[in-house]
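Enquirer: Sending over a structure as structure tokens; questions will come in a sec.
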Amino acid sequence: MSKRKIEVGEFSLSSPEKQQCIAKDVRESEEALRQLSMLFPEEKFLGRVPRVVMKHMIYSRIPNRTLVDKEIDELNQTGVIRLFKLGSEEESLAVLFMEQYKELIERRCSDSALVKRFVIKILKKIKEISVEKAVLVSAGFTETDIKTLINNCLLTVRTTTTYWFAFPGAGEFMKAYAKGRQNVIRLIRKSKYKQILQNELEQRDMRKTVQLGVQYHIHDIIGADMVICVNTTSGNLLRLSN
Amino acid sequence: MNDVDAICNLKTGLIDARKFRSNQATKRVSRLCLSNFQEVENSHSAGINTIDLDKVEGRYLLSGSADGSIHIHDVLNQSGNLQFTCKNVGKIDRQSNRYCHKYSVECVQWYPLDTGMFLSSGMDKHLKIWDANAQIPADVVIINGKIYHHHMSPNATQHNLVAVASTANQVFLADLRSGSTTHELRSHSSSVLSVKWSPMQEFQLASGSMDNRLLMWDVRASRSCLFSMDQDNGRNHANVEKTTAHNGYVHSLSFTSDGLFLISVGTDSRMRLWNSETGRNEMINYGKILMESKKGTRFDISSDTEPQMVFVPSQGNILVYELTTGIKRAALLGHYNTVTCCAYNENLHTLYSGSNDRNILVWAPEAAETIREDPVNKDVEFGSRSLMPRRTLTEDAWSSDEG
């Protein structure tokens, strides 16, 4: 799709992005995702947890949310990334790059033949975040197979007939993520006027309380609309939004 | 492209008239701010729940409030001055009118074809059909439940049905000719919070309720609803029997003026855009729209701008979003309390909003420096905004010793 030509006399709203939701560069979201995944401190978890990025963190980089959603959807359909639902809210979707996911499950899971079958038959075909039991059974997985997959953290029970997809280390990640986010928000809440400059926040030493790093959480709370980002002469100001 | 060039291009035929109009409308809407020159006369004594602008001329603003009173304001500026107060031309309240609603008024709507009649409904379970000039109800329909919302079809020629959303699980259809409810649409499992007729198809109706579902009906069909809108579009293996449109109550609905899309707002703080033919969620991400009220707000869409804008009340602000991309364009701050409703005037490109702080505010496309002219009508004092407009130049508000 090419950009719409600006015709004679057309008034276009001045904005950083043009109004259309053309998928001009799927790579833009992918680029943002790669940069954000570099923020993840993999060394701290010693390889137990892969580089997870939450989907709403991209909104802090690219303001046009609908465009980001469409691009993520496209990347998901083509198999570059995979989405997982962690947590009960609508927003808590985690994004993992497919290469990292495959490498992780091959490293961490005990039964490699079963895992290979799972990858080929299920992961390649089904791009959604949950799967039905009937589909698994028809792909040739028995009850014991499914139990092994659950033990290896590849599936989680949702209802009697559906399962969520998961990845090993998800629990550890969620705990660190929830705690870190809470601590960062608490810090902002304690400040006078409930706001803090981004530079100041980055300078504070929170290695003990915030495992994932302050930079990671800054993107997270901006994207989740928990803080409003105001541009000031001394950098970005983060103000609590409620 | 400034205005003079645009007008020259229009005259020479380089732009077509509709495009010129929509460009100018978009320019004006992007400059909306609290009006310095216009205001609506302060006559409400309780929080305003609902407002409606008549479709015929966009001249009369009808507002209903929590104490059961209904006020009519004239928003057309015929004084010749820039400074203008919209006068109250009609008031129906408990002191002056014995037919007034006993409890709060939840929804008012002008008759779509002229301003001789309007409908109002409220928590006293009555749907009243008023004669606007005599201020007496021509008829009263009693519904089996407290009414949250009602809507009369804007383009119906083959029927005179008013859809009523109430605490009962059914959508009632009241016929104006007979004066009673003729039809019940059963499918919801909880109170219906909002109903809207499609502006293009006179038999198509959408209803949102407390059971998180948004249903599309054809009132001629003998079976139940046409389809239920699903927020995941059938993916993610949602529970097939109970597809939900929102993760909370669906409390506000609006069709776009071409009838192709439907917007719904829910208590899960989300706004969704649906294709009204297929029921598909268009997956536009508007972000979180914070609201505390579970009852719903009335929001409006500007249909003459390109791109179309949605004005959504959110707590004390009105948020302006682009319809098709979901980018937030502006947040209009001005009210002291929760904003409950807003109505867009296409002729003047102004927005009227009512809130619980008893004010109706006017948002007009004013430039930062507007040239002040000498007032044509010399009697009116040209000064700062005042809540109580002064009658004569020499009158002041202080009491005098001499009496």
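By convention in this document, the chains of the structure tokens carry letters A, B, ... by their order, each chain's residues are numbered from 1, and ligands are numbered from 1 in the order they are shown.
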Between chain B and chain A, at 9 Å or less, what are the per-residue closest atom pairs and their distances in Å? Count only C-alpha atoms, order by chain and rising residue number, and return it as a Markdown table.
Expert:
```
| residue | atom | partner | partner_atom | distance |
| --- | --- | --- | --- | --- |
| B:Met1 | CA | A:Gly9 | CA | 6.1 |
| B:Asn2 | CA | A:Gly9 | CA | 8.7 |
| B:Asp5 | CA | A:Gly9 | CA | 7.9 |
| B:Ala6 | CA | A:Gly9 | CA | 5.9 |
| B:Asn9 | CA | A:Gly9 | CA | 7.3 |
| B:Leu10 | CA | A:Gly9 | CA | 8.7 |
| B:Leu14 | CA | A:Val8 | CA | 7.1 |
| B:Ile15 | CA | A:Gly9 | CA | 6.5 |
| B:Lys19 | CA | A:Glu10 | CA | 7.8 |
| B:Phe20 | CA | A:Gly9 | CA | 7.6 |
| B:Ser22 | CA | A:Phe11 | CA | 9.0 |
| B:Asn23 | CA | A:Phe11 | CA | 5.5 |
| B:Gln24 | CA | A:Phe11 | CA | 8.0 |
| B:Thr26 | CA | A:Phe11 | CA | 7.8 |
| B:Lys27 | CA | A:Phe11 | CA | 7.4 |
| B:Ser30 | CA | A:Leu13 | CA | 8.0 |
| B:Arg235 | CA | A:Glu128 | CA | 7.1 |
| B:Asn236 | CA | A:Ser130 | CA | 5.7 |
| B:His237 | CA | A:Ser130 | CA | 6.9 |
| B:Asn247 | CA | A:Glu90 | CA | 8.5 |
| B:Met283 | CA | A:Thr66 | CA | 7.2 |
| B:Ile284 | CA | A:Thr66 | CA | 5.1 |
| B:Asn285 | CA | A:Thr66 | CA | 4.9 |
| B:Tyr286 | CA | A:Arg65 | CA | 7.4 |
| B:Gly287 | CA | A:Arg65 | CA | 7.7 |
| B:Lys288 | CA | A:Asp225 | CA | 7.4 |
| B:Leu290 | CA | A:Asn242 | CA | 8.7 |
| B:Glu306 | CA | A:Ser12 | CA | 8.7 |
| B:Pro307 | CA | A:Gln19 | CA | 7.9 |
| B:Glu322 | CA | A:Gln19 | CA | 8.6 |
| B:Thr324 | CA | A:Gln20 | CA | 8.2 |
| B:Thr325 | CA | A:Thr66 | CA | 5.9 |
| B:Gly326 | CA | A:Thr66 | CA | 6.3 |
| B:Ile327 | CA | A:Asn64 | CA | 5.9 |
| B:Lys328 | CA | A:Asn64 | CA | 9.0 |
```
Enquirer: For the selection you just gave me, I'd like the residues written to a file as a short mmCIF file (atom, residue, chain, number, x, y, z; two decimals), in the first residue's frame, keeping N, CA and C atoms.
Expert:
```
data_model
loop_
_atom_site.label_atom_id
_atom_site.label_comp_id
_atom_site.auth_asym_id
_atom_site.auth_seq_id
_atom_site.Cartn_x
_atom_site.Cartn_y
_atom_site.Cartn_z
N MET B 1 -2.05 25.34 3.46
CA MET B 1 -3.22 25.78 2.67
C MET B 1 -4.05 26.70 3.53
N ASN B 2 -3.93 28.00 3.31
CA ASN B 2 -4.71 28.88 4.14
C ASN B 2 -6.10 29.09 3.55
N ASP B 5 -6.54 30.87 -0.07
CA ASP B 5 -6.21 29.97 -1.18
C ASP B 5 -7.28 28.92 -1.37
N ALA B 6 -7.79 28.42 -0.22
CA ALA B 6 -8.81 27.37 -0.31
C ALA B 6 -10.06 27.90 -1.01
N ASN B 9 -9.41 28.22 -4.70
CA ASN B 9 -9.46 26.91 -5.35
C ASN B 9 -10.87 26.40 -5.51
N LEU B 10 -11.70 26.71 -4.51
CA LEU B 10 -13.09 26.27 -4.60
C LEU B 10 -13.78 26.95 -5.77
N LEU B 14 -10.93 23.66 -8.32
CA LEU B 14 -9.87 22.70 -8.04
C LEU B 14 -10.20 21.78 -6.88
N ILE B 15 -10.98 22.28 -5.94
CA ILE B 15 -11.46 21.39 -4.86
C ILE B 15 -12.96 21.30 -5.03
N LYS B 19 -15.41 18.56 -0.12
CA LYS B 19 -14.07 18.43 0.46
C LYS B 19 -13.67 19.72 1.15
N PHE B 20 -14.03 20.84 0.51
CA PHE B 20 -13.75 22.14 1.12
C PHE B 20 -14.43 22.23 2.48
N SER B 22 -15.42 19.79 4.42
CA SER B 22 -14.88 18.91 5.45
C SER B 22 -13.50 19.37 5.91
N ASN B 23 -12.72 20.00 5.00
CA ASN B 23 -11.43 20.55 5.43
C ASN B 23 -11.62 21.64 6.46
N GLN B 24 -12.56 22.54 6.16
CA GLN B 24 -12.79 23.64 7.09
C GLN B 24 -13.33 23.11 8.42
N THR B 26 -12.75 20.20 9.75
CA THR B 26 -11.66 19.55 10.47
C THR B 26 -10.76 20.59 11.13
N LYS B 27 -10.49 21.68 10.39
CA LYS B 27 -9.65 22.73 10.95
C LYS B 27 -10.30 23.31 12.19
N SER B 30 -10.35 20.86 15.20
CA SER B 30 -9.06 20.66 15.86
C SER B 30 -8.69 21.85 16.73
N ARG B 235 -11.86 -15.53 17.91
CA ARG B 235 -10.58 -16.17 18.19
C ARG B 235 -10.44 -16.35 19.68
N ASN B 236 -9.32 -16.89 20.09
CA ASN B 236 -9.03 -17.11 21.51
C ASN B 236 -10.08 -17.96 22.19
N HIS B 237 -10.81 -18.72 21.41
CA HIS B 237 -11.72 -19.72 21.94
C HIS B 237 -12.54 -19.19 23.10
N ASN B 247 -15.49 -6.35 28.69
CA ASN B 247 -15.27 -7.06 29.94
C ASN B 247 -16.01 -6.37 31.08
N MET B 283 -11.03 -3.66 16.07
CA MET B 283 -9.74 -3.68 16.78
C MET B 283 -9.01 -2.35 16.76
N ILE B 284 -9.76 -1.27 16.92
CA ILE B 284 -9.10 0.02 17.04
C ILE B 284 -8.80 0.22 18.51
N ASN B 285 -7.58 0.61 18.82
CA ASN B 285 -7.19 0.73 20.22
C ASN B 285 -7.28 2.18 20.65
N TYR B 286 -8.32 2.51 21.43
CA TYR B 286 -8.47 3.89 21.88
C TYR B 286 -7.78 4.10 23.22
N GLY B 287 -7.23 3.04 23.80
CA GLY B 287 -6.63 3.21 25.12
C GLY B 287 -7.70 3.19 26.19
N LYS B 288 -7.28 3.53 27.39
CA LYS B 288 -8.21 3.47 28.52
C LYS B 288 -9.01 4.75 28.62
N LEU B 290 -11.13 6.42 31.27
CA LEU B 290 -11.51 6.24 32.67
C LEU B 290 -12.89 6.79 32.91
N GLU B 306 -12.97 15.19 8.42
CA GLU B 306 -12.24 14.10 7.80
C GLU B 306 -10.87 14.02 8.44
N PRO B 307 -10.51 13.21 9.35
CA PRO B 307 -11.20 12.02 9.82
C PRO B 307 -12.27 12.35 10.85
N GLU B 322 -9.65 10.29 17.22
CA GLU B 322 -9.94 10.05 15.80
C GLU B 322 -10.64 8.71 15.70
N THR B 324 -11.05 6.40 13.24
CA THR B 324 -10.50 5.21 12.58
C THR B 324 -9.12 4.82 13.05
N THR B 325 -8.39 5.71 13.72
CA THR B 325 -7.06 5.31 14.14
C THR B 325 -6.92 5.21 15.63
N GLY B 326 -7.81 5.84 16.38
CA GLY B 326 -7.73 5.74 17.82
C GLY B 326 -6.73 6.68 18.47
N ILE B 327 -6.20 7.63 17.71
CA ILE B 327 -5.25 8.57 18.30
C ILE B 327 -6.02 9.62 19.09
N LYS B 328 -5.54 9.90 20.31
CA LYS B 328 -6.22 10.91 21.10
C LYS B 328 -5.77 12.29 20.64
#
```
Enquirer: Would you mind listing what lies within 6 Å of region 184-201 of chain A as a list in words, with only C-alpha atoms counted and same-chain residues fewer than 3 positions away left out?
Expert: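 Contacts, with the query itself left out: Arg181, Arg204, Asn236, Leu237, Leu238, Arg239 and Leu240 of chain A.
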Enquirer: Could you check the closest approach to Asp67 (chain B) for each of B:Thr85, B:Ser187, B:Ser104, B:Ser293 and tell me which residue wins, using only C-alpha atoms?
Expert: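 Of B:Thr85, B:Ser187, B:Ser104, B:Ser293, the one nearest Asp67 (chain B) is B:Ser104, counting only C-alpha atoms.
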Enquirer: Would you kindly return, as a PyMOL selection string, each protein, DNA or RNA residue with an atom no farther than 7 Å from any atom of region 201-204 of chain B, considering only C-alpha atoms and excluding same-chain residues fewer than 3 positions away?
Expert: chain B and resi 153+155-156+197-198+217-220
Enquirer: Using N, CA, C and O atoms, can you export the residues from the last selection as a PDB file, in the first residue's frame?
Expert:
```pdb
ATOM      1  N   SER B 153     -36.244   6.222  16.303  1.00  0.00           N
ATOM      2  CA  SER B 153     -35.475   6.093  15.072  1.00  0.00           C
ATOM      3  C   SER B 153     -35.448   7.403  14.295  1.00  0.00           C
ATOM      4  O   SER B 153     -36.492   8.008  14.083  1.00  0.00           O
ATOM      5  N   ASN B 155     -34.867   8.031  11.145  1.00  0.00           N
ATOM      6  CA  ASN B 155     -35.299   8.080   9.751  1.00  0.00           C
ATOM      7  C   ASN B 155     -36.417   7.100   9.455  1.00  0.00           C
ATOM      8  O   ASN B 155     -36.616   6.719   8.316  1.00  0.00           O
ATOM      9  N   ALA B 156     -37.141   6.692  10.483  1.00  0.00           N
ATOM     10  CA  ALA B 156     -38.166   5.676  10.243  1.00  0.00           C
ATOM     11  C   ALA B 156     -39.373   6.281   9.551  1.00  0.00           C
ATOM     12  O   ALA B 156     -39.874   7.322   9.961  1.00  0.00           O
ATOM     13  N   TRP B 197     -31.078   3.089  17.432  1.00  0.00           N
ATOM     14  CA  TRP B 197     -31.517   2.665  16.115  1.00  0.00           C
ATOM     15  C   TRP B 197     -30.431   3.031  15.107  1.00  0.00           C
ATOM     16  O   TRP B 197     -29.724   4.019  15.261  1.00  0.00           O
ATOM     17  N   SER B 198     -30.350   2.254  14.047  1.00  0.00           N
ATOM     18  CA  SER B 198     -29.380   2.574  13.007  1.00  0.00           C
ATOM     19  C   SER B 198     -29.897   3.758  12.198  1.00  0.00           C
ATOM     20  O   SER B 198     -31.080   3.811  11.879  1.00  0.00           O
ATOM     21  N   TRP B 217     -30.308  -6.241  16.497  1.00  0.00           N
ATOM     22  CA  TRP B 217     -31.637  -6.795  16.238  1.00  0.00           C
ATOM     23  C   TRP B 217     -32.189  -6.264  14.927  1.00  0.00           C
ATOM     24  O   TRP B 217     -31.921  -5.139  14.541  1.00  0.00           O
ATOM     25  N   ASP B 218     -33.018  -7.088  14.304  1.00  0.00           N
ATOM     26  CA  ASP B 218     -33.915  -6.574  13.276  1.00  0.00           C
ATOM     27  C   ASP B 218     -35.291  -6.767  13.871  1.00  0.00           C
ATOM     28  O   ASP B 218     -35.697  -7.890  14.159  1.00  0.00           O
ATOM     29  N   VAL B 219     -36.020  -5.660  14.083  1.00  0.00           N
ATOM     30  CA  VAL B 219     -37.258  -5.795  14.849  1.00  0.00           C
ATOM     31  C   VAL B 219     -38.340  -6.560  14.090  1.00  0.00           C
ATOM     32  O   VAL B 219     -39.338  -6.959  14.663  1.00  0.00           O
ATOM     33  N   ARG B 220     -38.137  -6.739  12.771  1.00  0.00           N
ATOM     34  CA  ARG B 220     -39.139  -7.504  12.038  1.00  0.00           C
ATOM     35  C   ARG B 220     -38.955  -9.003  12.215  1.00  0.00           C
ATOM     36  O   ARG B 220     -39.870  -9.773  11.967  1.00  0.00           O
TER      37      ARG B 220
END
```
Enquirer: So that I can see what lies close to Arg358 (chain B), please list as a PyMOL selection string the residues with an atom at most 7 Å from it, counting only C-alpha atoms and leaving out residues fewer than 3 positions away in the same chain.
Expert: chain B and resi 44-48+355
Enquirer: Give me the residues near Thr115 (chain B) as a list in words, where near means some atom within 10 Å (using only C-alpha atoms) and where sequence neighbours in that chain fewer than 3 positions away do not count.
Expert: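 Here the qualifying residues turn out to be Leu53, Asp54, Lys55, Val56, Glu57, Arg59, Tyr60, Trp110, Tyr111, Pro112, Phe118, Asp131, Ala132 and Asn133 of chain B.
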